[in-house]
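I have placed the structure first, in the form of structure tokens, so that the comments after it can refer back to it.
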Amino acid sequence: MNKPSFYRKMVWIALLSSIVPIMILGISSYAMTTKMVKQDASQDVSQILNYASQTIDTGMDRIQNNLIQMLMGSFFTSDFAEQKRNNYAGFYSNVYQNLAAFKNGNPQIEDISLYTLDENYFISATYGGHKAESEDEIRAAHQLLNDKQQLYWKAGYSLNGREDDNGISIISALPLHAQDPIGFIGITMDNRMFESLARPFIKYENERMYVLDDTGQLVFHLNGTSVPPELYEMITVTNKIGHEFVYHWDGKEYLVTSKLSPMYNLLYIDMIPTKELYSSSQWIAGMTLLMVVIVLVTGFTLAWVGAKRAYRPIKKLMFQVSGSQTGDMGMDEISYVNKRWTEMNSKALELEGQLNEQLPLIREIFALRLMEGQFTHDRQEHLAALLGRYSIPKQQSAVVFIIAYDQFVEEAKFQESDKDLILFIMKNIASELLEQSGLQGIVINALNDQVIVWLWTEQEEARAWELTLKPVVEQVRQQIAHYLCSPVTIGLSRTTDQVELLPDLYREAQLAIHSRMINGGNQIIESKGLINSMNYRYPTELETHFTASLQVGNFAEAERMLHAFSDKVQTAVHNPELILMSYDQLLSTTLRTAYLMDIDYDHLFGRSTFELYTEMRECATIQDLNEWFKRELLEPILLSLSNKKNQEYEHLIHKVTLYIAEHYHLDISLDQCAQICGISPPYLSKLFKKVKDISFIEYLTQVRVTRAIDLLVTTDLLVNEIAEQVGYNPKNFIRVFKKQTGLPPGQYRETHRT
């Protein structure tokens, strides 16, 4: 061995092996850290904008719901013309009180005002009342009612004669949903509301936030009163909504993030100077450079000293490795390493043989990762190489389907504890039938109680191949269901001729399997494509109509609204969790309505709210959900409401009968009793007939005649005196008594005394 030469090589190798990795590590660490900081900052910006937009949309939605609730109240649904005629000053006083109460309950708004068409009169919760005098002001007010919408939002506002293009207003016809409205209510919100809601989300110095309507008009702003003129067109025309991009304006570089509100079609824009956003990365760069220098110096020193010290034990080490037979080694250190390399290569060949035995499993893992989208962003050449490694054609027509057993029935051969065995059986049956049918593909155990099948063909005419698919898939489903004695469902995707779209096919098959809740199981469910659930909007108007029907005890209408609600949520057919969330909200609203109706729902339903939610989520289909709602909620609530009303009726009638028993000798009338009960005479007459099964006059006559009979039999009072004591004049008393008993009073006394 050439000791000096080997020593020099060893020193150089030690130095290079320490310095180069440290430099690479330092550079890559700085690049990765900077990238992560920027990514984190970008994600933080997106979250800030999401939170801000959700907060503002929620605030606007709350104001709109509060306005609708106020308009549906008794005052705003009454006849305004009649109120004006009866009490002109009191009418406007009530209007002002309602508007002032609404403004106090919604501090985000700037003002709320009411305008009447017949008088051209404005009354404001903030500025009081004034009459519109100028033609321009009257025309502008009437213009707001020319819109076909009964309730709508508009950019800009008019406040006490002051026009402002910024801000936003909500206009509602009065009465709401009337064919010929008598006026309108307007609520104005200026930039103050936006600043109070959005400022908590501002994290960076000189950060700007804007809100634009669908025409690009500035509605709200924060830290800047003007929007770059071309920014709105850049975001909307180039379809950058929801995407981040760098924008140079006024000598500064900004990171622009945008979000389109799904509720009010408002465009939220956040502009953050990149200098403030990425300031932390500069500090990281300095620290990284300092650490690299320190580590380089330390590594250089240690490598030099270490190489010198490491050479001395090498010979001794080789001596020990060779089994203490230095004469038989016959080679230098490098030759000995080559020998060891040959031995390792032999071992590698042995491991390769073992690897070939595991190749089918590895092939399945690759296919599963491909369908899950882990190779979506790989280069085409790399993906083609991977496909070729696992003997999968690059050019193919492909389809994906998922096999899942639905539930365990009494006749099933296996129990829930046998899931691994069930999946093994499903995979083997599917593989065997597909091989018999001459179809190429991979059958994968997904380890989530499902089996995934990826089929492909290299034929140029794929139409014939597609026609054979569904019968074969149905045969697979029937064979598995027959063997397991349990229902089996298959979710079948559409076909594609691009292997890059395989993740979409996998998602389609998953969504088809999940839609068992809507379509039922034990069948093949073909995918209708990927549906964007972001377009789904919770049917608030149906929920409101549903709760109103509950409050008035109209079971038929409540049931009709429940079915309408069901039809609406089925638009989210590929998202069962979204359907359950909608029914969760409907259950919460129903329980809240029961609470507002003074119904003890814990006692009424016999179980806790948590148990109700758990029981509802055990329903397998929407039909089951509807039946559960009717059986467990609607019928008990409406029955309780009916019993409560009957008790109230009986209490009122008991009060009337008690009054009659104490004052029958006086001139009692239906109007007197109605006034005591606080209801109208016709309503009292109807309730009395319903509870007592006789009319009010008939009951009063029975009480008086019964008392007269008692006086005739037990006393010697004259008939005229008895008539006065029971509330009749003598002439009418004799006529009524004879009609009730068949005998005049005197003859009745003689007959019953003898």
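Here, A, B, ... name the chains of the structure tokens in the order displayed, residue numbers run from 1 inside each chain, and ligands are numbered from 1 in the same displayed order.
Here the strand (DSSP E) residues in region 350-417 of chain A, by DSSP on the backbone, are Ser397, Ala398, Val399, Val400, Phe401, Ile402, Ile403, Ala404 and Tyr405 of chain A.
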- Message: With only C-alpha atoms as the counted atoms, please give the residues lying no more than 9 Å from Glu110 (chain A), apart from itself and same-chain residues fewer than 5 positions off, as JSON, numbers by chain.
- Response: {"A": [103, 126, 159, 187, 188, 189, 190, 192, 193]}
Could you take the residues named above and write them with C-alpha atoms, as a PDB file, in the first residue's frame?
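Result went into part.pdb, see below:
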ATOM      1  CA  LYS A 103     -80.868  50.128  14.780  1.00  0.00           C
ATOM      2  CA  THR A 126     -81.052  58.537  13.193  1.00  0.00           C
ATOM      3  CA  LEU A 159     -78.267  59.144   3.891  1.00  0.00           C
ATOM      4  CA  ILE A 187     -80.840  50.049   5.620  1.00  0.00           C
ATOM      5  CA  THR A 188     -77.513  51.741   4.958  1.00  0.00           C
ATOM      6  CA  MET A 189     -74.078  50.553   5.984  1.00  0.00           C
ATOM      7  CA  ASP A 190     -71.082  52.799   5.449  1.00  0.00           C
ATOM      8  CA  ARG A 192     -67.476  52.176   9.398  1.00  0.00           C
ATOM      9  CA  MET A 193     -69.209  48.787   9.606  1.00  0.00           C
TER      10      MET A 193
END
Near region 205-222 of chain A, 12 Å: region 26-118 of chain A residue rows, closest pairs, only C-alpha atoms, as CSV:
residue,atom,partner,partner_atom,distance
A:Val45,CA,A:Glu207,CA,10.5
A:Ile48,CA,A:Met209,CA,10.7
A:Leu49,CA,A:Met209,CA,8.8
A:Ala52,CA,A:Met209,CA,9.7
A:Ser53,CA,A:Val211,CA,9.2
A:Ile56,CA,A:Val211,CA,10.2
A:Asp57,CA,A:Val211,CA,11.3
- Item | For Glu253 (chain A): contacts at 12 Å, only C-alpha atoms, fewer than 5 positions along chain excluded, given as a count of residues only | 14
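CA of Ser113 (chain A) is found 6.2 Å from CA of Ala125 (chain A).
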